[in-house]
Every structure is written in C-alpha cells, then in structure tokens.
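start_35.pdb, holding PDB, C-alpha atoms (C1' of nucleotides):
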ATOM      1  CA  MET A   1    -111.110 -80.894 186.163
ATOM      2  CA  SER A   2    -112.324 -77.549 184.900
ATOM      3  CA  ALA A   3    -113.037 -76.106 188.303
ATOM      4  CA  ASP A   4    -111.878 -72.735 189.561
ATOM      5  CA  PRO A   5    -108.502 -72.588 191.326
ATOM      6  CA  LEU A   6    -109.949 -72.163 194.794
ATOM      7  CA  SER A   7    -112.175 -75.215 194.426
ATOM      8  CA  ARG A   8    -109.226 -77.235 193.215
ATOM      9  CA  VAL A   9    -107.104 -76.295 196.208
ATOM     10  CA  PHE A  10    -109.809 -76.988 198.761
ATOM     11  CA  SER A  11    -110.693 -80.219 197.020
ATOM     12  CA  ALA A  12    -107.070 -81.326 196.872
ATOM     13  CA  LEU A  13    -106.656 -80.825 200.616
ATOM     14  CA  ALA A  14    -109.922 -82.569 201.466
ATOM     15  CA  ASP A  15    -108.088 -85.910 201.481
ATOM     16  CA  PRO A  16    -106.028 -87.014 204.508
ATOM     17  CA  THR A  17    -103.439 -88.801 202.373
ATOM     18  CA  ARG A  18    -102.875 -85.720 200.255
ATOM     19  CA  ARG A  19    -102.681 -83.505 203.326
ATOM     20  CA  ASP A  20    -100.072 -85.855 204.762
ATOM     21  CA  MET A  21     -98.082 -85.631 201.531
ATOM     22  CA  VAL A  22     -98.176 -81.856 201.718
ATOM     23  CA  ALA A  23     -97.060 -82.025 205.332
ATOM     24  CA  ARG A  24     -94.105 -84.216 204.408
ATOM     25  CA  LEU A  25     -93.236 -82.105 201.395
ATOM     26  CA  SER A  26     -93.129 -79.048 203.605
ATOM     27  CA  VAL A  27     -90.064 -80.633 205.205
ATOM     28  CA  ALA A  28     -88.272 -81.730 202.063
ATOM     29  CA  ASP A  29     -88.797 -82.509 198.406
ATOM     30  CA  ALA A  30     -89.344 -86.188 197.662
ATOM     31  CA  THR A  31     -89.782 -88.635 194.809
ATOM     32  CA  VAL A  32     -92.981 -90.491 194.083
ATOM     33  CA  ASN A  33     -91.620 -93.727 195.507
ATOM     34  CA  GLU A  34     -90.440 -92.047 198.666
ATOM     35  CA  LEU A  35     -93.841 -90.452 199.082
ATOM     36  CA  ALA A  36     -95.639 -93.722 198.436
ATOM     37  CA  GLU A  37     -93.597 -95.762 200.885
ATOM     38  CA  PRO A  38     -95.554 -95.102 204.132
ATOM     39  CA  TYR A  39     -98.978 -95.599 202.592
ATOM     40  CA  ASP A  40    -100.723 -98.875 202.040
ATOM     41  CA  VAL A  41    -101.584 -98.192 198.398
ATOM     42  CA  THR A  42     -99.895 -98.723 195.065
ATOM     43  CA  VAL A  43     -97.493 -96.223 193.563
ATOM     44  CA  GLN A  44    -100.012 -95.500 190.826
ATOM     45  CA  ALA A  45    -102.545 -94.317 193.371
ATOM     46  CA  VAL A  46     -99.964 -91.979 194.869
ATOM     47  CA  SER A  47     -99.157 -90.716 191.397
ATOM     48  CA  LYS A  48    -102.831 -89.906 190.952
ATOM     49  CA  HIS A  49    -102.893 -88.032 194.242
ATOM     50  CA  LEU A  50     -99.883 -86.054 193.102
ATOM     51  CA  LYS A  51    -101.645 -85.183 189.885
ATOM     52  CA  VAL A  52    -104.492 -83.724 191.921
ATOM     53  CA  LEU A  53    -102.056 -81.680 193.983
ATOM     54  CA  GLU A  54    -100.297 -80.585 190.813
ATOM     55  CA  ASP A  55    -103.544 -79.522 189.130
ATOM     56  CA  ALA A  56    -104.240 -77.438 192.214
ATOM     57  CA  CYS A  57    -100.795 -75.838 191.795
ATOM     58  CA  LEU A  58     -99.827 -77.091 195.228
ATOM     59  CA  VAL A  59     -96.789 -79.003 193.992
ATOM     60  CA  SER A  60     -94.531 -78.979 190.969
ATOM     61  CA  ARG A  61     -92.444 -81.737 189.434
ATOM     62  CA  THR A  62     -89.184 -81.395 187.585
ATOM     63  CA  ARG A  63     -87.270 -83.992 185.673
ATOM     64  CA  GLU A  64     -83.953 -84.923 187.260
ATOM     65  CA  ALA A  65     -82.379 -88.009 185.801
ATOM     66  CA  GLN A  66     -85.039 -90.708 185.897
ATOM     67  CA  ARG A  67     -86.382 -89.289 189.121
ATOM     68  CA  ARG A  68     -89.201 -86.767 189.301
ATOM     69  CA  PRO A  69     -88.745 -84.889 192.564
ATOM     70  CA  VAL A  70     -91.906 -83.292 193.888
ATOM     71  CA  HIS A  71     -91.715 -79.799 195.293
ATOM     72  CA  LEU A  72     -94.267 -77.980 197.432
ATOM     73  CA  GLU A  73     -95.465 -74.617 196.124
ATOM     74  CA  ALA A  74     -96.678 -72.889 199.235
ATOM     75  CA  GLU A  75     -97.878 -69.703 197.550
ATOM     76  CA  VAL A  76    -101.272 -71.196 196.699
ATOM     77  CA  PHE A  77    -102.013 -71.367 200.393
ATOM     78  CA  ASP A  78    -102.485 -67.612 200.180
ATOM     79  CA  LEU A  79    -105.517 -68.121 197.981
ATOM     80  CA  MET A  80    -107.210 -70.048 200.756
ATOM     81  CA  THR A  81    -106.148 -67.948 203.685
ATOM     82  CA  LYS A  82    -107.299 -64.820 201.899
ATOM     83  CA  TRP A  83    -110.712 -66.299 201.243
ATOM     84  CA  ILE A  84    -111.050 -67.665 204.749
ATOM     85  CA  GLU A  85    -109.856 -64.513 206.464
ATOM     86  CA  ARG A  86    -112.189 -62.366 204.422
ATOM     87  CA  TYR A  87    -115.341 -64.107 205.531
ATOM     88  CA  ARG A  88    -114.180 -64.819 209.016
ATOM     89  CA  ARG A  89    -113.565 -61.108 209.504
ATOM     90  CA  GLN A  90    -116.952 -60.330 208.031
ATOM     91  CA  ALA A  91    -118.648 -62.767 210.369
ATOM     92  CA  GLU A  92    -116.799 -61.373 213.372
ATOM     93  CA  GLU A  93    -117.684 -57.851 212.320
ATOM     94  CA  ARG A  94    -121.292 -58.904 212.198
ATOM     95  CA  TYR A  95    -121.042 -60.297 215.696
ATOM     96  CA  ARG A  96    -119.573 -57.053 216.906
ATOM     97  CA  ARG A  97    -122.373 -55.037 215.326
ATOM     98  CA  LEU A  98    -124.966 -57.378 216.769
ATOM     99  CA  ASP A  99    -123.440 -56.915 220.177
ATOM    100  CA  ASP A 100    -123.604 -53.157 219.780
ATOM    101  CA  LEU A 101    -127.195 -53.385 218.650
ATOM    102  CA  LEU A 102    -128.180 -55.517 221.604
ATOM    103  CA  ARG A 103    -126.383 -53.224 223.966
ATOM    104  CA  SER A 104    -128.224 -50.229 222.513
ATOM    105  CA  MET A 105    -131.668 -51.665 223.233
ATOM    106  CA  PRO A 106    -131.887 -52.785 226.834
ATOM    107  CA  ASP A 107    -135.617 -53.594 226.559
ATOM    108  CA  ASP A 108    -137.183 -56.442 224.632
ATOM    109  CA  VAL A 109    -137.870 -54.809 221.290
ATOM    110  CA  GLY A 110    -138.058 -58.342 219.992
ATOM    111  CA  PRO A 111    -137.116 -59.716 216.564
ATOM    112  CA  THR A 112    -140.259 -58.418 214.823
ATOM    113  CA  PRO A 113    -139.802 -55.677 212.214
ATOM    114  CA  PRO A 114    -137.693 -52.812 213.500
ATOM    115  CA  SER A 115    -139.648 -50.724 210.931
ATOM    116  CA  THR A 116    -139.954 -47.525 212.884
ATOM    117  CA  THR A 117    -136.377 -46.602 213.601
ATOM    118  CA  GLY A 118    -136.792 -47.719 217.116
ATOM    119  CA  ALA A 119    -134.824 -45.104 218.997
ATOM    120  CA  PRO A 120    -136.071 -46.254 222.384
ATOM    121  CA  SER A 121    -136.218 -43.294 224.624
TER     122      SER A 121
ATOM    123  CA  MET B   1    -119.508 -89.059 205.647
ATOM    124  CA  SER B   2    -117.269 -90.562 208.326
ATOM    125  CA  ALA B   3    -114.271 -88.436 207.491
ATOM    126  CA  ASP B   4    -112.172 -86.444 209.931
ATOM    127  CA  PRO B   5    -113.288 -82.878 210.704
ATOM    128  CA  LEU B   6    -110.567 -81.235 208.658
ATOM    129  CA  SER B   7    -111.444 -83.262 205.565
ATOM    130  CA  ARG B   8    -115.085 -82.382 205.996
ATOM    131  CA  VAL B   9    -114.380 -78.661 206.190
ATOM    132  CA  PHE B  10    -112.063 -78.628 203.179
ATOM    133  CA  SER B  11    -114.468 -80.787 201.234
ATOM    134  CA  ALA B  12    -117.430 -78.597 202.123
ATOM    135  CA  LEU B  13    -115.643 -75.509 200.850
ATOM    136  CA  ALA B  14    -114.465 -77.208 197.660
ATOM    137  CA  ASP B  15    -117.759 -76.273 195.991
ATOM    138  CA  PRO B  16    -118.349 -72.759 194.593
ATOM    139  CA  THR B  17    -122.036 -72.779 195.485
ATOM    140  CA  ARG B  18    -121.297 -73.701 199.071
ATOM    141  CA  ARG B  19    -118.565 -71.073 199.297
ATOM    142  CA  ASP B  20    -121.015 -68.501 197.994
ATOM    143  CA  MET B  21    -123.508 -69.545 200.644
ATOM    144  CA  VAL B  22    -120.876 -69.127 203.327
ATOM    145  CA  ALA B  23    -120.019 -65.722 201.910
ATOM    146  CA  ARG B  24    -123.634 -64.627 202.048
ATOM    147  CA  LEU B  25    -124.131 -66.086 205.517
ATOM    148  CA  SER B  26    -121.159 -64.104 206.730
ATOM    149  CA  VAL B  27    -123.299 -61.013 206.115
ATOM    150  CA  ALA B  28    -126.527 -62.241 207.662
ATOM    151  CA  ASP B  29    -128.412 -65.367 208.650
ATOM    152  CA  ALA B  30    -130.838 -66.625 206.036
ATOM    153  CA  THR B  31    -133.502 -69.256 205.460
ATOM    154  CA  VAL B  32    -133.142 -72.095 203.002
ATOM    155  CA  ASN B  33    -135.454 -70.448 200.482
ATOM    156  CA  GLU B  34    -133.607 -67.145 200.697
ATOM    157  CA  LEU B  35    -130.353 -68.971 200.165
ATOM    158  CA  ALA B  36    -131.726 -70.943 197.239
ATOM    159  CA  GLU B  37    -133.171 -67.956 195.418
ATOM    160  CA  PRO B  38    -130.094 -66.802 193.433
ATOM    161  CA  TYR B  39    -129.086 -70.278 192.300
ATOM    162  CA  ASP B  40    -130.469 -72.155 189.365
ATOM    163  CA  VAL B  41    -131.138 -75.358 191.283
ATOM    164  CA  THR B  42    -134.019 -76.736 193.301
ATOM    165  CA  VAL B  43    -134.497 -76.014 196.984
ATOM    166  CA  GLN B  44    -133.763 -79.658 197.742
ATOM    167  CA  ALA B  45    -130.310 -79.351 196.229
ATOM    168  CA  VAL B  46    -129.632 -76.309 198.388
ATOM    169  CA  SER B  47    -130.860 -78.218 201.398
ATOM    170  CA  LYS B  48    -128.325 -80.931 200.591
ATOM    171  CA  HIS B  49    -125.548 -78.367 200.329
ATOM    172  CA  LEU B  50    -126.556 -77.020 203.708
ATOM    173  CA  LYS B  51    -126.397 -80.506 205.163
ATOM    174  CA  VAL B  52    -122.815 -80.766 203.966
ATOM    175  CA  LEU B  53    -121.966 -77.420 205.561
ATOM    176  CA  GLU B  54    -123.728 -78.498 208.738
ATOM    177  CA  ASP B  55    -121.852 -81.815 208.892
ATOM    178  CA  ALA B  56    -118.664 -79.793 208.614
ATOM    179  CA  CYS B  57    -119.847 -77.673 211.560
ATOM    180  CA  LEU B  58    -119.695 -74.594 209.356
ATOM    181  CA  VAL B  59    -123.339 -73.658 209.886
ATOM    182  CA  SER B  60    -126.062 -74.368 212.416
ATOM    183  CA  ARG B  61    -129.831 -74.334 212.079
ATOM    184  CA  THR B  62    -132.375 -73.454 214.716
ATOM    185  CA  ARG B  63    -136.099 -73.778 214.625
ATOM    186  CA  GLU B  64    -137.952 -70.441 214.612
ATOM    187  CA  ALA B  65    -141.643 -70.677 213.772
ATOM    188  CA  GLN B  66    -141.865 -72.581 210.494
ATOM    189  CA  ARG B  67    -138.581 -71.067 209.326
ATOM    190  CA  ARG B  68    -135.176 -72.648 209.864
ATOM    191  CA  PRO B  69    -132.676 -69.812 209.803
ATOM    192  CA  VAL B  70    -129.153 -70.850 208.928
ATOM    193  CA  HIS B  71    -126.284 -69.366 210.914
ATOM    194  CA  LEU B  72    -122.593 -69.337 210.076
ATOM    195  CA  GLU B  73    -120.247 -70.798 212.680
ATOM    196  CA  ALA B  74    -116.962 -69.158 211.894
ATOM    197  CA  GLU B  75    -114.897 -70.909 214.560
ATOM    198  CA  VAL B  76    -114.247 -73.935 212.370
ATOM    199  CA  PHE B  77    -112.233 -71.726 210.069
ATOM    200  CA  ASP B  78    -109.552 -71.855 212.753
ATOM    201  CA  LEU B  79    -109.092 -75.562 212.089
ATOM    202  CA  MET B  80    -108.101 -74.809 208.523
ATOM    203  CA  THR B  81    -106.009 -71.737 209.117
ATOM    204  CA  LYS B  82    -104.052 -73.547 211.811
ATOM    205  CA  TRP B  83    -103.293 -76.442 209.475
ATOM    206  CA  ILE B  84    -102.409 -74.175 206.583
ATOM    207  CA  GLU B  85    -100.259 -71.821 208.602
ATOM    208  CA  ARG B  86     -98.359 -74.685 210.145
ATOM    209  CA  TYR B  87     -97.131 -76.103 206.874
ATOM    210  CA  ARG B  88     -96.732 -72.810 205.157
ATOM    211  CA  ARG B  89     -94.419 -71.697 207.940
ATOM    212  CA  GLN B  90     -92.515 -74.953 207.696
ATOM    213  CA  ALA B  91     -92.094 -74.543 203.942
ATOM    214  CA  GLU B  92     -90.940 -70.958 204.343
ATOM    215  CA  GLU B  93     -88.513 -71.986 207.040
ATOM    216  CA  ARG B  94     -87.108 -74.542 204.651
ATOM    217  CA  TYR B  95     -86.669 -71.882 202.000
ATOM    218  CA  ARG B  96     -84.850 -69.688 204.473
ATOM    219  CA  ARG B  97     -82.464 -72.482 205.403
ATOM    220  CA  LEU B  98     -81.825 -73.266 201.749
ATOM    221  CA  ASP B  99     -80.991 -69.629 201.163
ATOM    222  CA  ASP B 100     -78.535 -69.675 204.050
ATOM    223  CA  LEU B 101     -76.956 -72.821 202.696
ATOM    224  CA  LEU B 102     -76.543 -71.340 199.246
ATOM    225  CA  ARG B 103     -75.151 -68.159 200.681
ATOM    226  CA  SER B 104     -72.584 -70.137 202.680
ATOM    227  CA  MET B 105     -71.059 -71.640 199.543
ATOM    228  CA  PRO B 106     -70.194 -68.789 197.239
ATOM    229  CA  ASP B 107     -68.587 -70.947 194.553
ATOM    230  CA  ASP B 108     -70.384 -73.112 192.051
ATOM    231  CA  VAL B 109     -70.582 -76.330 193.969
ATOM    232  CA  GLY B 110     -73.687 -76.585 191.863
ATOM    233  CA  PRO B 111     -75.366 -79.672 190.506
ATOM    234  CA  THR B 112     -73.790 -81.646 187.654
ATOM    235  CA  PRO B 113     -70.335 -80.186 187.728
ATOM    236  CA  PRO B 114     -69.855 -78.566 184.323
ATOM    237  CA  SER B 115     -66.997 -81.032 183.798
ATOM    238  CA  THR B 116     -64.298 -78.927 182.265
ATOM    239  CA  THR B 117     -64.777 -75.655 184.048
ATOM    240  CA  GLY B 118     -65.649 -74.131 180.786
ATOM    241  CA  ALA B 119     -64.167 -70.705 181.150
ATOM    242  CA  PRO B 120     -65.019 -69.606 177.633
ATOM    243  CA  SER B 121     -62.372 -67.148 176.678
TER     244      SER B 121
ATOM    245  C1'  DC C   1     -77.353-102.282 173.364
ATOM    246  C1'  DC C   2     -79.919-104.071 177.021
ATOM    247  C1'  DC C   3     -81.746-103.940 181.305
ATOM    248  C1'  DA C   4     -83.365-102.180 185.563
ATOM    249  C1'  DT C   5     -85.575 -98.304 187.646
ATOM    250  C1'  DC C   6     -88.908 -94.774 188.058
ATOM    251  C1'  DC C   7     -93.017 -93.150 186.820
ATOM    252  C1'  DT C   8     -97.317 -92.466 184.016
ATOM    253  C1'  DC C   9    -101.214 -93.911 181.070
ATOM    254  C1'  DA C  10    -105.392 -96.770 180.181
ATOM    255  C1'  DA C  11    -109.092 -99.594 181.447
ATOM    256  C1'  DC C  12    -111.853-101.073 184.840
ATOM    257  C1'  DC C  13    -114.632-101.123 189.362
ATOM    258  C1'  DA C  14    -117.014 -99.727 193.794
ATOM    259  C1'  DA C  15    -118.426 -95.951 196.177
ATOM    260  C1'  DG C  16    -119.490 -91.118 196.638
ATOM    261  C1'  DT C  17    -121.573 -86.622 194.871
ATOM    262  C1'  DG C  18    -124.658 -83.252 192.928
ATOM    263  C1'  DG C  19    -128.607 -82.935 190.656
ATOM    264  C1'  DT C  20    -133.536 -84.179 189.687
ATOM    265  C1'  DT C  21    -138.672 -85.406 190.967
ATOM    266  C1'  DG C  22    -142.188 -86.765 194.211
ATOM    267  C1'  DA C  23    -143.948 -87.470 198.723
ATOM    268  C1'  DC C  24    -144.462 -85.892 203.268
ATOM    269  C1'  DA C  25    -143.656 -83.710 207.944
ATOM    270  C1'  DA C  26    -143.988 -79.372 210.715
ATOM    271  C1'  DC C  27    -145.847 -75.148 211.504
ATOM    272  C1'  DC C  28    -148.726 -70.855 211.244
ATOM    273  C1'  DG C  29    -152.995 -68.120 209.709
ATOM    274  C1'  DC C  30    -157.630 -68.214 208.830
TER     275       DC C  30
ATOM    276  C1'  DG D   1    -159.345 -78.343 211.244
ATOM    277  C1'  DC D   2    -157.670 -76.898 206.358
ATOM    278  C1'  DG D   3    -154.693 -74.989 203.366
ATOM    279  C1'  DG D   4    -150.401 -72.623 202.388
ATOM    280  C1'  DT D   5    -145.639 -72.119 203.353
ATOM    281  C1'  DT D   6    -141.234 -74.109 204.537
ATOM    282  C1'  DG D   7    -138.155 -77.568 204.587
ATOM    283  C1'  DT D   8    -136.558 -82.574 204.595
ATOM    284  C1'  DC D   9    -136.488 -87.485 203.122
ATOM    285  C1'  DA D  10    -136.220 -91.168 199.563
ATOM    286  C1'  DA D  11    -135.345 -92.976 195.240
ATOM    287  C1'  DC D  12    -133.141 -92.432 191.189
ATOM    288  C1'  DC D  13    -129.559 -90.876 187.611
ATOM    289  C1'  DA D  14    -125.101 -89.189 185.449
ATOM    290  C1'  DC D  15    -120.646 -88.231 186.650
ATOM    291  C1'  DT D  16    -116.521 -88.098 189.526
ATOM    292  C1'  DT D  17    -113.174 -90.300 192.595
ATOM    293  C1'  DG D  18    -109.950 -93.306 194.713
ATOM    294  C1'  DG D  19    -108.464 -97.600 194.227
ATOM    295  C1'  DT D  20    -106.798-101.703 191.510
ATOM    296  C1'  DT D  21    -103.988-104.251 187.601
ATOM    297  C1'  DG D  22    -101.375-104.284 183.382
ATOM    298  C1'  DA D  23     -98.771-102.142 179.838
ATOM    299  C1'  DG D  24     -95.523 -98.850 178.366
ATOM    300  C1'  DG D  25     -92.344 -94.557 178.024
ATOM    301  C1'  DA D  26     -88.030 -92.296 179.584
ATOM    302  C1'  DT D  27     -83.622 -92.471 181.437
ATOM    303  C1'  DG D  28     -79.060 -93.850 183.180
ATOM    304  C1'  DG D  29     -75.654 -97.910 184.353
ATOM    305  C1'  DG D  30     -73.134-101.824 182.865
TER     306       DG D  30
END

Conversion result in structure tokens:
Amino acid sequence: MSADPLSRVFSALADPTRRDMVARLSVADATVNELAEPYDVTVQAVSKHLKVLEDACLVSRTREAQRRPVHLEAEVFDLMTKWIERYRRQAEERYRRLDDLLRSMPDDVGPTPPSTTGAPS
Amino acid sequence: MSADPLSRVFSALADPTRRDMVARLSVADATVNELAEPYDVTVQAVSKHLKVLEDACLVSRTREAQRRPVHLEAEVFDLMTKWIERYRRQAEERYRRLDDLLRSMPDDVGPTPPSTTGAPS
DNA sequence: CCCATCCTCAACCAAGTGGTTGACAACCGC
DNA sequence: GCGGTTGTCAACCACTTGGTTGAGGATGGG
C-alpha cells in the first residue's frame, strides 16, 4: 500500500481484469455494477480491483445519486511512458554506440581489456 | 507464472529494485554480483528478481566463462507502450468529443436543472 | 418511513511473492 | 585434480493478493 506511485501504476496494470476495466473506461465512464457485469466474479471483487486502480490514481469516483460512476484518469499513463521511454532510449543509444565501436575496429581486438586506448592503426 | 506476456512485463516492472536493475542495464550489461552489489539483499534474491525479468523477456543471459552477463532486451517495452498509447488516445479522443458536445450546447442544459432558474436579482 | 438499490467494509482462505539460509553445480586458475 | 569464484536450486517464512461470503452504510422512490 505504501509503494511509490510508479510501482502502484505498474502493479495495477499487471492484472488482465484491471487492464480490461481500463480499456472499457477509456470508452465511457461506468458504474461498479456495469463494470462487474462481464466478469465471472462477485461485485465485491470488482470493487477491490477498482480500489487498486484508484490507489494508483488511474481512476476516480464521484458520488452521483446512489451511483458511483468511475472515471479514467489518463494522465498517470505519462508517468509510465516517461519511465519506459527514458530507458528504451538509453538502451538504443547504447546499441548505436556499440555499433559505432564495432565499426571502428575491423580486426578482432576481442573483449579483453581495452586498456591501452586501442587506436588500431 | 502462467500469465500473459503483458501482465508479466507490467508485474516485473512493478518492483522498484527490478526497475533500478533495468535502469542500470540500460547503461551496460552486468553480472549478477555486479547487479547485487548496491542492494541490501542477498545475491539469491537478486537472482530471483532476474528470473522474473527474464520470464518477462526483459533481459537475457548468456554464458561467458563462469560469468553470466545479463543483457537488457528493450523490444518488450513496445508491448507496453502500444497498450498504453492505445487507451490513452481513446481517452483523449473521448475528452475531445465531450468538449465538442459541450460547445454545441451553449445554454445550461446542465445536470439537475436548477429548478426555478434562479436568476438572483 | 420503509424499502430496494448500489456499493463498501470485515473476516476469512488459498495461492503467490520477496526475502532468508544452506547446499550444490559449473567453470577457471593454479 | 583442488580450491575459489559465480550463480542457481530448494526449503522455509512472513506478508500480500485475489477471491469468497456476510453484514452494513448511503441514497432516492413510493
């Protein structure tokens, strides 16, 4: 419960049922009963899933008569995409540099210590 | 263990230690001991974390002498970004349509008609 | 006011997770 | 071949999780 926001978001989306709820909420707001209808579990279980999504700030609920419509808050997605993009770029950058390195040494200078700045010729 | 790929990836990244490992692996490959060094847990625990990342196809290990260098496989990130982008776009689209709708009805057709149109003065 | 509806809270249970320790397999250097 | 280094496997433990059932709070209609 006391995890960092990013962990909460990833964790919340690590469940197929919750991902499906998010997918459906991206089309339209819905009540708990509406959300629960397609799944083969009790309403209480769905309510628990919603609590997880709410703790991750992925959805919000507002009182409206005796209904509690659930609304998707898509901004939190940014948290993930930023994290993912950051390290994906870094990994790709590394690939690029590795390519350059390999291109710059046509002979087998092998993996052993580069030590001496091996300017070949 | 028998979850779908997307669940495995999200679940793998729902842990701060594992995210930190991914971050460090995005800079350079590393061995298990190197990876374990900064953390306050045993090497076995780190090995378990790596197994989770490996099951999610986020890293790969190859034998190299008695070392087992761990390598980041960044392609799986696409799986996540595709999912995320899909529903984020859908949610934004919905917002846009709602805006259009609201713009198309300039008067207060709003919720819960304020009964007597309470023009104060 | 009473009731039906919608939803959440509490207690419980089986299974999964993250951590530990201890044993052991694989590999190189001497 | 022996010993040191590197890493995994197995058993165990505390805690979390996703599910259940049962009770109960809030709210609007008759």

* From A:Arg68, A:Arg8, A:Arg61, A:His49, residue lying nearest chain C [all atoms listed in the file] -> A:Arg68

* Result set, the PyMOL selection byres ((chain D and resi 2-8) around 9) on current file, as a PyMOL selection string -> (chain B and resi 32-33+43-44+47+66-68) or (chain C and resi 24-29) or (chain D and resi 1+9)

* To do: When you get a sec, could you note down which chain C residues fall within 10 Å of chain A, using only C-alpha atoms (C1' of nucleotides), as number ranges by chain?
  => C: 5-9

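Among the candidate residues A:Asp100, A:Glu54, A:Glu34, A:Asp20, the one lying nearest to chain B is A:Asp20, with distances computed using only C-alpha atoms.
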
* Could you list, as a VMD selection string, every residue of chain A that has an atom within 7 Å of an atom of chain B, counting only C-alpha atoms? -> chain A and resid 7 to 8 10 to 11 13 to 16 23 26 to 27 74 77 81 84 87 to 88 90 to 91 94

* **d(atom CA of B:Leu58, atom CA of B:Thr17) in Å** => 14.2 Å

* What is the distance, in Å and to one decimal place, between atom CA of A:Lys82 and atom CA of B:Leu79? ->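 So the two atoms, atom CA of A:Lys82 and atom CA of B:Leu79, lie 14.9 Å apart.
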
* Residues returned when the PyMOL selection byres ((chain D) within 10 of (chain A)) runs on this file, as number ranges by chain -> D: 16, 18-20, 26-28

I need the residues from that last selection saved to file as a JSON list (two decimals), keeping the file's coordinate frame (with C-alpha atoms (C1' of nucleotides)), if you can.
[["chain", "number", "residue", "atom", "x", "y", "z"],
["D", 16, "DT", "C1'", -116.52, -88.10, 189.53],
["D", 18, "DG", "C1'", -109.95, -93.31, 194.71],
["D", 19, "DG", "C1'", -108.46, -97.60, 194.23],
["D", 20, "DT", "C1'", -106.80, -101.70, 191.51],
["D", 26, "DA", "C1'", -88.03, -92.30, 179.58],
["D", 27, "DT", "C1'", -83.62, -92.47, 181.44],
["D", 28, "DG", "C1'", -79.06, -93.85, 183.18]]
